[in-house]
$ cat run_29.cif   # mmCIF, C-alpha atoms and all ligand atoms
data_entry
loop_
_atom_site.group_PDB
_atom_site.id
_atom_site.type_symbol
_atom_site.label_atom_id
_atom_site.label_comp_id
_atom_site.auth_asym_id
_atom_site.auth_seq_id
_atom_site.Cartn_x
_atom_site.Cartn_y
_atom_site.Cartn_z
ATOM 1 C CA MET V 26 -2.730 -6.382 -24.751
ATOM 2 C CA LYS V 27 0.336 -4.480 -23.555
ATOM 3 C CA PHE V 28 0.627 -2.832 -26.960
ATOM 4 C CA LEU V 29 -3.005 -1.713 -26.800
ATOM 5 C CA VAL V 30 -2.473 -0.218 -23.379
ATOM 6 C CA VAL V 31 0.559 1.720 -24.572
ATOM 7 C CA LEU V 32 -1.308 2.863 -27.658
ATOM 8 C CA CYS V 33 -4.244 4.006 -25.593
ATOM 9 C CA LEU V 34 -1.966 5.827 -23.185
ATOM 10 C CA THR V 35 -0.184 7.724 -25.894
ATOM 11 C CA ILE V 36 -3.166 8.567 -28.031
ATOM 12 C CA VAL V 37 -6.432 8.732 -26.185
ATOM 13 C CA CYS V 38 -6.140 8.892 -22.465
ATOM 14 C CA SER V 39 -3.192 11.027 -21.820
ATOM 15 C CA TYR V 40 -1.300 14.153 -22.381
ATOM 16 C CA ALA V 41 2.311 14.691 -21.528
ATOM 17 C CA GLU V 42 2.236 18.373 -20.696
ATOM 18 C CA PRO V 43 3.966 19.402 -17.501
ATOM 19 C CA LEU V 44 1.824 19.176 -14.413
ATOM 20 C CA ARG V 45 1.041 22.314 -12.464
ATOM 21 C CA ILE V 46 1.642 21.936 -8.749
ATOM 22 C CA ARG V 47 0.890 24.013 -5.681
ATOM 23 C CA GLY V 48 1.810 27.649 -6.075
ATOM 24 C CA GLY V 49 1.733 27.536 -9.887
ATOM 25 C CA GLN V 50 5.072 25.781 -10.317
ATOM 26 C CA GLU V 51 5.252 23.196 -13.094
ATOM 27 C CA VAL V 52 6.870 19.772 -12.944
ATOM 28 C CA ASP V 53 7.650 17.497 -15.814
ATOM 29 C CA ILE V 54 5.907 14.263 -14.881
ATOM 30 C CA GLY V 55 7.328 12.575 -17.969
ATOM 31 C CA ASP V 56 6.701 8.856 -17.758
ATOM 32 C CA TYR V 57 5.517 8.804 -14.174
ATOM 33 C CA PHE V 58 1.870 8.964 -14.979
ATOM 34 C CA HIS V 59 -0.687 10.184 -17.424
ATOM 35 C CA VAL V 60 -3.443 12.525 -16.454
ATOM 36 C CA CYS V 61 -6.946 11.068 -16.764
ATOM 37 C CA LYS V 62 -9.844 13.394 -17.403
ATOM 38 C CA ARG V 63 -13.068 13.508 -15.446
ATOM 39 C CA ASN V 64 -15.257 11.898 -18.103
ATOM 40 C CA LYS V 65 -16.835 8.531 -18.782
ATOM 41 C CA GLU V 66 -13.479 7.114 -19.896
ATOM 42 C CA PHE V 67 -11.978 7.836 -16.472
ATOM 43 C CA ASN V 68 -12.160 4.333 -14.987
ATOM 44 C CA THR V 69 -10.518 2.648 -17.975
ATOM 45 C CA CYS V 70 -7.948 5.405 -18.214
ATOM 46 C CA LEU V 71 -7.011 5.165 -14.529
ATOM 47 C CA GLN V 72 -6.819 1.387 -14.678
ATOM 48 C CA GLU V 73 -4.390 1.562 -17.606
ATOM 49 C CA THR V 74 -2.449 4.428 -16.115
ATOM 50 C CA LEU V 75 -1.976 2.700 -12.753
ATOM 51 C CA GLN V 76 -0.992 -0.522 -14.467
ATOM 52 C CA GLU V 77 1.676 1.323 -16.447
ATOM 53 C CA ALA V 78 2.744 3.746 -13.754
ATOM 54 C CA LEU V 79 2.995 1.753 -10.529
ATOM 55 C CA PRO V 80 6.088 -0.224 -11.598
ATOM 56 C CA LYS V 81 7.747 3.084 -12.512
ATOM 57 C CA TRP V 82 6.962 4.514 -9.086
ATOM 58 C CA ALA V 83 8.985 1.751 -7.454
ATOM 59 C CA LYS V 84 11.983 3.986 -6.981
ATOM 60 C CA GLY V 85 9.891 7.014 -6.024
ATOM 61 C CA ILE V 86 8.972 10.261 -7.770
ATOM 62 C CA PRO V 87 11.402 12.909 -6.539
ATOM 63 C CA GLU V 88 9.549 15.657 -8.452
ATOM 64 C CA LEU V 89 6.477 15.030 -6.312
ATOM 65 C CA GLY V 90 8.288 14.089 -3.131
ATOM 66 C CA ILE V 91 7.177 10.449 -3.293
ATOM 67 C CA THR V 92 9.546 8.079 -1.569
ATOM 68 C CA GLN V 93 10.563 4.662 -2.782
ATOM 69 C CA LEU V 94 7.624 2.241 -2.908
ATOM 70 C CA ASP V 95 9.368 -1.040 -3.717
ATOM 71 C CA PRO V 96 10.871 -1.922 -1.399
ATOM 72 C CA PHE V 97 8.762 0.235 0.839
ATOM 73 C CA ILE V 98 10.761 1.030 3.965
ATOM 74 C CA GLU V 99 9.235 1.923 7.297
ATOM 75 C CA PRO V 100 11.709 2.723 10.113
ATOM 76 C CA GLU V 101 9.318 1.748 12.882
ATOM 77 C CA ILE V 102 5.811 0.318 13.292
ATOM 78 C CA THR V 103 4.297 -0.147 16.724
ATOM 79 C CA ILE V 104 1.128 -2.110 17.312
ATOM 80 C CA ASN V 105 -0.854 -2.816 20.434
ATOM 81 C CA PHE V 106 -3.268 -5.654 20.068
ATOM 82 C CA LYS V 107 -5.893 -7.361 22.141
ATOM 83 C CA GLN V 108 -8.166 -9.777 20.442
ATOM 84 C CA ASN V 109 -9.633 -12.967 21.817
ATOM 85 C CA GLN V 110 -6.800 -15.121 23.159
ATOM 86 C CA PHE V 111 -4.149 -12.968 21.553
ATOM 87 C CA GLN V 112 -2.760 -9.814 23.152
ATOM 88 C CA GLY V 113 0.376 -7.772 23.546
ATOM 89 C CA HIS V 114 2.426 -5.107 21.850
ATOM 90 C CA ALA V 115 5.139 -5.227 19.270
ATOM 91 C CA THR V 116 7.578 -2.839 17.678
ATOM 92 C CA MET V 117 8.947 -3.638 14.279
ATOM 93 C CA ARG V 118 12.045 -1.833 13.072
ATOM 94 C CA ASN V 119 13.604 -1.366 9.667
ATOM 95 C CA VAL V 120 10.598 -2.958 8.008
ATOM 96 C CA ARG V 121 11.064 -3.632 4.302
ATOM 97 C CA MET V 122 8.154 -4.631 2.070
ATOM 98 C CA TYR V 123 8.754 -5.972 -1.410
ATOM 99 C CA GLY V 124 6.510 -6.609 -4.381
ATOM 100 C CA PHE V 125 4.153 -3.634 -4.640
ATOM 101 C CA SER V 126 5.324 -2.743 -8.127
ATOM 102 C CA ASN V 127 4.354 -6.144 -9.476
ATOM 103 C CA VAL V 128 0.627 -5.474 -9.442
ATOM 104 C CA LEU V 129 -2.289 -6.378 -11.650
ATOM 105 C CA ILE V 130 -4.937 -3.655 -11.716
ATOM 106 C CA LYS V 131 -8.124 -5.592 -12.387
ATOM 107 C CA ASN V 132 -10.782 -2.932 -12.262
ATOM 108 C CA VAL V 133 -11.459 0.673 -11.317
ATOM 109 C CA GLU V 134 -14.743 2.167 -10.239
ATOM 110 C CA SER V 135 -15.241 5.779 -9.346
ATOM 111 C CA GLU V 136 -17.552 8.601 -8.507
ATOM 112 C CA LEU V 137 -16.055 12.023 -8.971
ATOM 113 C CA THR V 138 -17.816 15.267 -8.232
ATOM 114 C CA ASP V 139 -16.537 18.806 -7.756
ATOM 115 C CA ASP V 140 -16.007 18.319 -4.054
ATOM 116 C CA LYS V 141 -15.919 14.562 -3.423
ATOM 117 C CA LEU V 142 -13.911 11.679 -4.767
ATOM 118 C CA ALA V 143 -14.547 7.952 -4.404
ATOM 119 C CA ILE V 144 -12.314 5.500 -6.253
ATOM 120 C CA ASP V 145 -12.249 1.731 -5.791
ATOM 121 C CA VAL V 146 -9.271 -0.058 -7.288
ATOM 122 C CA ASP V 147 -9.451 -3.830 -7.521
ATOM 123 C CA CYS V 148 -5.901 -5.158 -7.548
ATOM 124 C CA PHE V 149 -3.899 -8.343 -7.276
ATOM 125 C CA PHE V 150 -0.310 -8.978 -6.163
ATOM 126 C CA PRO V 151 1.195 -12.370 -7.071
ATOM 127 C CA ARG V 152 3.657 -12.171 -4.194
ATOM 128 C CA LEU V 153 4.478 -9.754 -1.388
ATOM 129 C CA GLU V 154 7.332 -10.166 1.036
ATOM 130 C CA THR V 155 8.253 -8.341 4.167
ATOM 131 C CA GLU V 156 11.109 -8.565 6.638
ATOM 132 C CA GLY V 157 12.404 -6.664 9.602
ATOM 133 C CA ASN V 158 13.405 -6.794 13.234
ATOM 134 C CA PHE V 159 10.899 -7.038 16.025
ATOM 135 C CA LYS V 160 10.663 -6.592 19.713
ATOM 136 C CA GLY V 161 7.537 -7.684 21.455
ATOM 137 C CA GLN V 162 5.630 -8.784 24.419
ATOM 138 C CA GLY V 163 2.519 -10.825 24.109
ATOM 139 C CA SER V 164 0.449 -13.763 25.067
ATOM 140 C CA PHE V 165 -1.508 -16.304 23.133
ATOM 141 C CA ASN V 166 -3.615 -18.384 25.474
ATOM 142 C CA ALA V 167 -1.086 -19.684 28.006
ATOM 143 C CA ILE V 168 2.014 -18.839 25.964
ATOM 144 C CA VAL V 169 3.622 -15.651 27.305
ATOM 145 C CA LEU V 170 6.332 -14.101 25.236
ATOM 146 C CA ASN V 171 8.932 -11.401 25.789
ATOM 147 C CA THR V 172 11.141 -11.431 22.815
ATOM 148 C CA LYS V 173 13.089 -9.836 19.988
ATOM 149 C CA GLY V 174 14.545 -11.039 16.744
ATOM 150 C CA TYR V 175 14.239 -11.057 12.965
ATOM 151 C CA TYR V 176 11.175 -12.036 10.990
ATOM 152 C CA ASN V 177 10.139 -12.415 7.409
ATOM 153 C CA MET V 178 6.898 -13.247 5.758
ATOM 154 C CA SER V 179 5.790 -14.016 2.243
ATOM 155 C CA MET V 180 2.247 -13.740 0.999
ATOM 156 C CA SER V 181 1.058 -15.228 -2.257
ATOM 157 C CA GLU V 182 -1.914 -14.272 -4.381
ATOM 158 C CA VAL V 183 -2.998 -11.200 -2.502
ATOM 159 C CA SER V 184 -6.260 -9.609 -3.668
ATOM 160 C CA ALA V 185 -7.425 -6.269 -2.378
ATOM 161 C CA ILE V 186 -9.801 -3.462 -3.171
ATOM 162 C CA TRP V 187 -8.346 -0.052 -2.393
ATOM 163 C CA LYS V 188 -11.168 2.196 -1.250
ATOM 164 C CA ILE V 189 -10.002 5.749 -1.721
ATOM 165 C CA ARG V 190 -12.193 8.586 -0.458
ATOM 166 C CA GLY V 191 -11.432 12.271 -0.740
ATOM 167 C CA GLU V 192 -12.930 15.650 -0.004
ATOM 168 C CA LYS V 193 -12.216 19.066 -1.408
ATOM 169 C CA GLU V 194 -9.861 21.210 0.601
ATOM 170 C CA VAL V 195 -8.842 24.783 -0.182
ATOM 171 C CA ILE V 196 -5.219 25.638 0.570
ATOM 172 C CA ASN V 197 -4.064 29.204 -0.105
ATOM 173 C CA GLY V 198 -6.937 29.721 -2.513
ATOM 174 C CA GLU V 199 -6.222 26.569 -4.536
ATOM 175 C CA GLU V 200 -8.543 23.555 -4.550
ATOM 176 C CA PHE V 201 -7.190 20.115 -3.728
ATOM 177 C CA MET V 202 -8.872 16.759 -3.246
ATOM 178 C CA LYS V 203 -7.561 15.636 0.102
ATOM 179 C CA ILE V 204 -7.560 11.862 0.565
ATOM 180 C CA LYS V 205 -9.432 11.257 3.815
ATOM 181 C CA SER V 206 -9.271 7.504 3.812
ATOM 182 C CA PHE V 207 -7.513 4.788 1.856
ATOM 183 C CA THR V 208 -8.581 1.403 3.168
ATOM 184 C CA MET V 209 -8.256 -2.195 2.098
ATOM 185 C CA ARG V 210 -8.798 -5.654 3.485
ATOM 186 C CA PRO V 211 -6.449 -7.925 1.549
ATOM 187 C CA LYS V 212 -7.305 -11.540 1.001
ATOM 188 C CA VAL V 213 -4.244 -13.787 1.094
ATOM 189 C CA GLU V 214 -4.151 -17.255 -0.452
ATOM 190 C CA LYS V 215 -0.912 -18.459 1.090
ATOM 191 C CA MET V 216 1.365 -17.175 3.803
ATOM 192 C CA LYS V 217 4.760 -18.277 5.064
ATOM 193 C CA ILE V 218 6.139 -16.866 8.288
ATOM 194 C CA TYR V 219 9.657 -17.154 9.652
ATOM 195 C CA VAL V 220 10.636 -15.814 13.060
ATOM 196 C CA SER V 221 14.111 -16.159 14.538
ATOM 197 C CA ASP V 222 15.056 -16.208 18.196
ATOM 198 C CA LEU V 223 11.551 -16.030 19.604
ATOM 199 C CA PHE V 224 12.859 -18.031 22.535
ATOM 200 C CA PRO V 225 16.596 -17.337 22.842
ATOM 201 C CA GLY V 226 18.613 -20.471 23.458
ATOM 202 C CA ASN V 227 15.693 -22.766 22.773
ATOM 203 C CA PRO V 228 15.806 -23.879 19.130
ATOM 204 C CA GLU V 229 13.209 -26.642 19.662
ATOM 205 C CA LEU V 230 10.658 -24.184 20.983
ATOM 206 C CA ASN V 231 11.521 -21.743 18.180
ATOM 207 C CA GLN V 232 10.891 -24.414 15.635
ATOM 208 C CA ALA V 233 7.648 -25.481 17.280
ATOM 209 C CA THR V 234 6.448 -21.876 17.352
ATOM 210 C CA ASN V 235 7.308 -21.353 13.696
ATOM 211 C CA MET V 236 5.366 -24.484 12.865
ATOM 212 C CA PHE V 237 2.464 -23.250 14.954
ATOM 213 C CA LEU V 238 2.515 -19.837 13.231
ATOM 214 C CA ASN V 239 2.587 -21.413 9.793
ATOM 215 C CA GLU V 240 -0.187 -23.865 10.570
ATOM 216 C CA ASN V 241 -2.397 -21.166 12.070
ATOM 217 C CA TRP V 242 -1.487 -18.188 9.875
ATOM 218 C CA GLN V 243 -5.025 -17.782 8.583
ATOM 219 C CA ARG V 244 -6.427 -17.327 12.081
ATOM 220 C CA ILE V 245 -3.550 -15.109 13.210
ATOM 221 C CA TYR V 246 -3.837 -13.019 10.045
ATOM 222 C CA ASN V 247 -7.558 -12.505 10.609
ATOM 223 C CA GLU V 248 -6.985 -11.413 14.184
ATOM 224 C CA LEU V 249 -4.190 -9.019 13.287
ATOM 225 C CA LEU V 250 -5.923 -7.630 10.191
ATOM 226 C CA PRO V 251 -7.727 -4.757 11.940
ATOM 227 C CA TYR V 252 -4.378 -3.489 13.279
ATOM 228 C CA ALA V 253 -2.633 -3.915 9.973
ATOM 229 C CA GLU V 254 -5.516 -2.100 8.288
ATOM 230 C CA LYS V 255 -5.124 0.881 10.569
ATOM 231 C CA TYR V 256 -1.441 1.075 9.717
ATOM 232 C CA TRP V 257 -1.940 0.639 5.944
ATOM 233 C CA SER V 258 -4.743 3.133 5.822
ATOM 234 C CA THR V 259 -2.605 5.864 7.375
ATOM 235 C CA ALA V 260 0.458 5.003 5.292
ATOM 236 C CA MET V 261 -1.433 4.824 1.987
ATOM 237 C CA ALA V 262 -3.391 8.049 2.570
ATOM 238 C CA LYS V 263 -0.127 9.807 3.343
ATOM 239 C CA ILE V 264 1.459 8.609 0.093
ATOM 240 C CA ALA V 265 -1.652 9.489 -1.930
ATOM 241 C CA ASN V 266 -1.729 12.962 -0.432
ATOM 242 C CA GLU V 267 1.837 13.557 -1.621
ATOM 243 C CA VAL V 268 0.155 13.814 -5.008
ATOM 244 C CA PHE V 269 -3.368 14.958 -4.134
ATOM 245 C CA LEU V 270 -2.264 17.830 -1.895
ATOM 246 C CA LYS V 271 0.453 18.890 -4.307
ATOM 247 C CA VAL V 272 -1.426 18.945 -7.586
ATOM 248 C CA PRO V 273 -4.653 21.022 -7.670
ATOM 249 C CA TYR V 274 -7.693 18.822 -8.333
ATOM 250 C CA ASP V 275 -8.539 20.466 -11.657
ATOM 251 C CA ASP V 276 -5.011 19.790 -12.888
ATOM 252 C CA LEU V 277 -4.778 16.259 -11.521
ATOM 253 C CA ILE V 278 -8.182 15.132 -12.796
ATOM 254 C CA PRO V 279 -9.252 17.883 -15.211
ATOM 255 C CA LEU V 280 -12.829 18.344 -16.313
ATOM 256 C CA ASN V 281 -13.335 17.185 -19.848
HETATM 257 C C1 LIG V 301 13.208 -15.885 5.690
HETATM 258 O O1 LIG V 301 14.422 -16.101 6.370
HETATM 259 C C2 LIG V 301 14.875 -17.434 6.359
HETATM 260 C C3 LIG V 301 16.097 -17.544 7.239
HETATM 261 O O2 LIG V 301 17.061 -16.579 6.928
HETATM 262 C C4 LIG V 301 15.147 -17.860 4.904
HETATM 263 O O3 LIG V 301 15.536 -19.205 4.866
HETATM 264 C C5 LIG V 301 13.888 -17.646 4.071
HETATM 265 O O4 LIG V 301 14.162 -17.897 2.707
HETATM 266 C C6 LIG V 301 13.358 -16.233 4.211
HETATM 267 N N1 LIG V 301 12.086 -16.126 3.530
HETATM 268 C C7 LIG V 301 11.719 -15.038 2.838
HETATM 269 C C8 LIG V 301 10.387 -15.066 2.229
HETATM 270 O O5 LIG V 301 12.455 -14.067 2.713
#

$ encode --input "run_29.cif" --output "structure tokens" --more "lines below"
Ligand SMILES: *[C@@H]1O[C@H](CO)[C@@H](O)[C@H](O)[C@H]1NC(C)=O
Amino acid sequence: MKFLVVLCLTIVCSYAEPLRIRGGQEVDIGDYFHVCKRNKEFNTCLQETLQEALPKWAKGIPELGITQLDPFIEPEITINFKQNQFQGHATMRNVRMYGFSNVLIKNVESELTDDKLAIDVDCFFPRLETEGNFKGQGSFNAIVLNTKGYYNMSMSEVSAIWKIRGEKEVINGEEFMKIKSFTMRPKVEKMKIYVSDLFPGNPELNQATNMFLNENWQRIYNELLPYAEKYWSTAMAKIANEVFLKVPYDDLIPLN
């Protein structure tokens, strides 16, 4: 299977010419990815290209200004939430997320026109982990919390469909496909949460809360999902646009 993918990449789907970026400059994209043409092979080509390329993007693509993706580091994330019995605000600092490069690209569907792009990527991550420091204030039913500490979380068997939507944008006379939205609603099979020092000086309550979080993760995850989605969507569109607003559309996805 792997051999076939490599064969396909080198022979049919790809070409290794330098990529023209904004302003006519050329960059050598080397192994980073292979250009897929706008034809009926596009979906298969993109699926194989992403499968091959994402692990290589783990350390970033300096030529295109893409930062490290695995671990993905976010200095600060702030969320305000209010949903059913659960409300408050939290700031997470020095957030590190691991595991994005170990992805299985299951399927790609797309609709590409001259001025609109719609790509759905069906993907699967065996395991994602995240850790960081938090500071928060919140309440869940009668439990009121004002706290800070360290947390980590592991998620197993994460399935998601990336829904990527773009529209043509002309910048200095060149045509780009700006990514307008990049959404997903991951389904998680298993989650483990660890939070330290939720209640300073009260290890019993800390332990009870950790147990509560781990027993109720599914419900908590569902309630927090809309907020997480908003964050992901912005972060992913920004990363995608590092490519889409740098490489003109006709060079990134050339007509056959
Ligand atoms: C989370 O942190 C705890 C305590 O340091 C550690 O025992 C556990 O292995 C960590 N879990 C993950 C998924 O990093």

$ closest_residue --input "run_29.cif" --among "V:Val183, V:Arg121, V:Lys212, V:Ile168" --to "ligand LIG 301 (chain V)" --atoms "all atoms listed in the file"
V:Arg121

$ residues_near_ligand --input "run_29.cif" --ligand "ligand LIG 301 (chain V)" --cutoff "8 Å" --atoms "all atoms listed in the file" --output "PyMOL selection string"
chain V and resi 154-156+176-179+217-221

$ residues_around --input "run_29.cif" --residues "Ala262 of chain V" --least-positions-apart "3" --cutoff "7 Å" --atoms "only C-alpha atoms" --output "VMD selection string"
chain V and resid 204 to 207 258 to 259 265 to 266

$ write_last_selection --input "run_29.cif" --atoms "C-alpha atoms" --output "mmCIF file, in the coordinates of the input"
data_model
loop_
_atom_site.group_PDB
_atom_site.id
_atom_site.type_symbol
_atom_site.label_atom_id
_atom_site.label_comp_id
_atom_site.auth_asym_id
_atom_site.auth_seq_id
_atom_site.Cartn_x
_atom_site.Cartn_y
_atom_site.Cartn_z
ATOM 1 C CA ILE V 204 -7.560 11.862 0.565
ATOM 2 C CA LYS V 205 -9.432 11.257 3.815
ATOM 3 C CA SER V 206 -9.271 7.504 3.812
ATOM 4 C CA PHE V 207 -7.513 4.788 1.856
ATOM 5 C CA SER V 258 -4.743 3.133 5.822
ATOM 6 C CA THR V 259 -2.605 5.864 7.375
ATOM 7 C CA ALA V 265 -1.652 9.489 -1.930
ATOM 8 C CA ASN V 266 -1.729 12.962 -0.432
#

$ atom_distance --input "run_29.cif" --atom1 "atom CA of Glu136 of chain V" --atom2 "atom CA of Lys255 of chain V"
24.0 Å

$ closest_residue --input "run_29.cif" --among "V:Lys215, V:Arg152, V:Arg118, V:Lys141" --to "Gly191 of chain V" --atoms "only C-alpha atoms"
V:Lys141

$ atom_distance --input "run_29.cif" --atom1 "atom CA of Val268 of chain V" --atom2 "atom CA of Thr103 of chain V"
26.2 Å

$ residues_around --input "run_29.cif" --residues "Leu89 of chain V" --least-positions-apart "4" --cutoff "10 Å" --atoms "only C-alpha atoms" --output "list in words"
Ile46, Val52, Asp53, Ile54, Gly85, Glu267, Val268, Lys271 and Val272 of chain V

$ atom_distance --input "run_29.cif" --atom1 "atom CA of Pro96 of chain V" --atom2 "atom CA of Pro80 of chain V"
11.4 Å

$ closest_residue --input "run_29.cif" --among "V:Met117, V:Met202, V:Ile196, V:Leu75" --to "Asp140 of chain V" --atoms "only C-alpha atoms"
V:Met202

$ resolve_selection --input "run_29.cif" --expression "the PyMOL selection byres (((chain V and resi 281) around 9) and not hetatm)" --output "PyMOL selection string"
chain V and resi 62-64+278-280

$ residues_around --input "run_29.cif" --residues "Glu99 of chain V" --least-positions-apart "6" --cutoff "12 Å" --atoms "all atoms listed in the file" --output "number ranges by chain"
V: 92-93, 116-123, 155-158, 256-257, 260

$ decode --input "run_29.cif" --residues "segment 54-77 of chain V" --atoms "N, CA and C atoms" --output "PDB file, in the first residue's frame"
ATOM      1  N   ILE V  54       9.609  23.395  -2.974  1.00  0.00           N
ATOM      2  CA  ILE V  54       8.787  22.742  -1.952  1.00  0.00           C
ATOM      3  C   ILE V  54       9.276  21.326  -1.667  1.00  0.00           C
ATOM      4  N   GLY V  55      10.208  20.879  -2.499  1.00  0.00           N
ATOM      5  CA  GLY V  55      10.863  19.580  -2.265  1.00  0.00           C
ATOM      6  C   GLY V  55       9.890  18.496  -1.867  1.00  0.00           C
ATOM      7  N   ASP V  56      10.112  17.952  -0.672  1.00  0.00           N
ATOM      8  CA  ASP V  56       9.288  16.844  -0.191  1.00  0.00           C
ATOM      9  C   ASP V  56       8.026  17.301   0.516  1.00  0.00           C
ATOM     10  N   TYR V  57       7.866  18.590   0.716  1.00  0.00           N
ATOM     11  CA  TYR V  57       6.781  19.025   1.599  1.00  0.00           C
ATOM     12  C   TYR V  57       5.410  18.631   1.097  1.00  0.00           C
ATOM     13  N   PHE V  58       5.161  18.887  -0.162  1.00  0.00           N
ATOM     14  CA  PHE V  58       3.944  18.332  -0.734  1.00  0.00           C
ATOM     15  C   PHE V  58       3.991  18.327  -2.245  1.00  0.00           C
ATOM     16  N   HIS V  59       3.058  17.605  -2.810  1.00  0.00           N
ATOM     17  CA  HIS V  59       2.998  17.471  -4.250  1.00  0.00           C
ATOM     18  C   HIS V  59       1.747  18.178  -4.735  1.00  0.00           C
ATOM     19  N   VAL V  60       1.897  18.889  -5.802  1.00  0.00           N
ATOM     20  CA  VAL V  60       0.773  19.652  -6.328  1.00  0.00           C
ATOM     21  C   VAL V  60      -0.225  18.706  -6.997  1.00  0.00           C
ATOM     22  N   CYS V  61      -1.494  18.859  -6.667  1.00  0.00           N
ATOM     23  CA  CYS V  61      -2.545  18.062  -7.302  1.00  0.00           C
ATOM     24  C   CYS V  61      -3.292  18.945  -8.289  1.00  0.00           C
ATOM     25  N   LYS V  62      -3.566  18.382  -9.452  1.00  0.00           N
ATOM     26  CA  LYS V  62      -4.246  19.180 -10.477  1.00  0.00           C
ATOM     27  C   LYS V  62      -5.761  19.126 -10.314  1.00  0.00           C
ATOM     28  N   ARG V  63      -6.389  20.151 -10.879  1.00  0.00           N
ATOM     29  CA  ARG V  63      -7.844  20.271 -10.799  1.00  0.00           C
ATOM     30  C   ARG V  63      -8.477  19.371 -11.861  1.00  0.00           C
ATOM     31  N   ASN V  64      -8.471  18.070 -11.619  1.00  0.00           N
ATOM     32  CA  ASN V  64      -9.094  17.156 -12.580  1.00  0.00           C
ATOM     33  C   ASN V  64      -9.799  16.062 -11.792  1.00  0.00           C
ATOM     34  N   LYS V  65     -10.252  15.020 -12.473  1.00  0.00           N
ATOM     35  CA  LYS V  65     -11.054  14.035 -11.740  1.00  0.00           C
ATOM     36  C   LYS V  65     -10.220  13.133 -10.835  1.00  0.00           C
ATOM     37  N   GLU V  66      -8.900  13.252 -10.934  1.00  0.00           N
ATOM     38  CA  GLU V  66      -8.011  12.510 -10.029  1.00  0.00           C
ATOM     39  C   GLU V  66      -7.758  13.274  -8.733  1.00  0.00           C
ATOM     40  N   PHE V  67      -8.289  14.508  -8.645  1.00  0.00           N
ATOM     41  CA  PHE V  67      -7.899  15.393  -7.543  1.00  0.00           C
ATOM     42  C   PHE V  67      -8.092  14.783  -6.153  1.00  0.00           C
ATOM     43  N   ASN V  68      -9.256  14.195  -5.917  1.00  0.00           N
ATOM     44  CA  ASN V  68      -9.546  13.679  -4.565  1.00  0.00           C
ATOM     45  C   ASN V  68      -8.537  12.608  -4.132  1.00  0.00           C
ATOM     46  N   THR V  69      -8.281  11.663  -5.024  1.00  0.00           N
ATOM     47  CA  THR V  69      -7.315  10.602  -4.711  1.00  0.00           C
ATOM     48  C   THR V  69      -5.935  11.199  -4.523  1.00  0.00           C
ATOM     49  N   CYS V  70      -5.579  12.121  -5.392  1.00  0.00           N
ATOM     50  CA  CYS V  70      -4.265  12.748  -5.311  1.00  0.00           C
ATOM     51  C   CYS V  70      -4.097  13.473  -3.985  1.00  0.00           C
ATOM     52  N   LEU V  71      -5.120  14.251  -3.590  1.00  0.00           N
ATOM     53  CA  LEU V  71      -4.998  15.022  -2.344  1.00  0.00           C
ATOM     54  C   LEU V  71      -4.935  14.094  -1.137  1.00  0.00           C
ATOM     55  N   GLN V  72      -5.740  13.038  -1.186  1.00  0.00           N
ATOM     56  CA  GLN V  72      -5.721  12.075  -0.081  1.00  0.00           C
ATOM     57  C   GLN V  72      -4.306  11.506   0.102  1.00  0.00           C
ATOM     58  N   GLU V  73      -3.692  11.099  -1.017  1.00  0.00           N
ATOM     59  CA  GLU V  73      -2.355  10.511  -0.935  1.00  0.00           C
ATOM     60  C   GLU V  73      -1.312  11.557  -0.551  1.00  0.00           C
ATOM     61  N   THR V  74      -1.485  12.741  -1.090  1.00  0.00           N
ATOM     62  CA  THR V  74      -0.532  13.806  -0.778  1.00  0.00           C
ATOM     63  C   THR V  74      -0.582  14.188   0.701  1.00  0.00           C
ATOM     64  N   LEU V  75      -1.791  14.354   1.234  1.00  0.00           N
ATOM     65  CA  LEU V  75      -1.917  14.706   2.655  1.00  0.00           C
ATOM     66  C   LEU V  75      -1.346  13.605   3.534  1.00  0.00           C
ATOM     67  N   GLN V  76      -1.655  12.364   3.159  1.00  0.00           N
ATOM     68  CA  GLN V  76      -1.170  11.233   3.946  1.00  0.00           C
ATOM     69  C   GLN V  76       0.360  11.233   4.016  1.00  0.00           C
ATOM     70  N   GLU V  77       0.979  11.532   2.874  1.00  0.00           N
ATOM     71  CA  GLU V  77       2.443  11.570   2.814  1.00  0.00           C
ATOM     72  C   GLU V  77       3.001  12.828   3.469  1.00  0.00           C
TER      73      GLU V  77
END
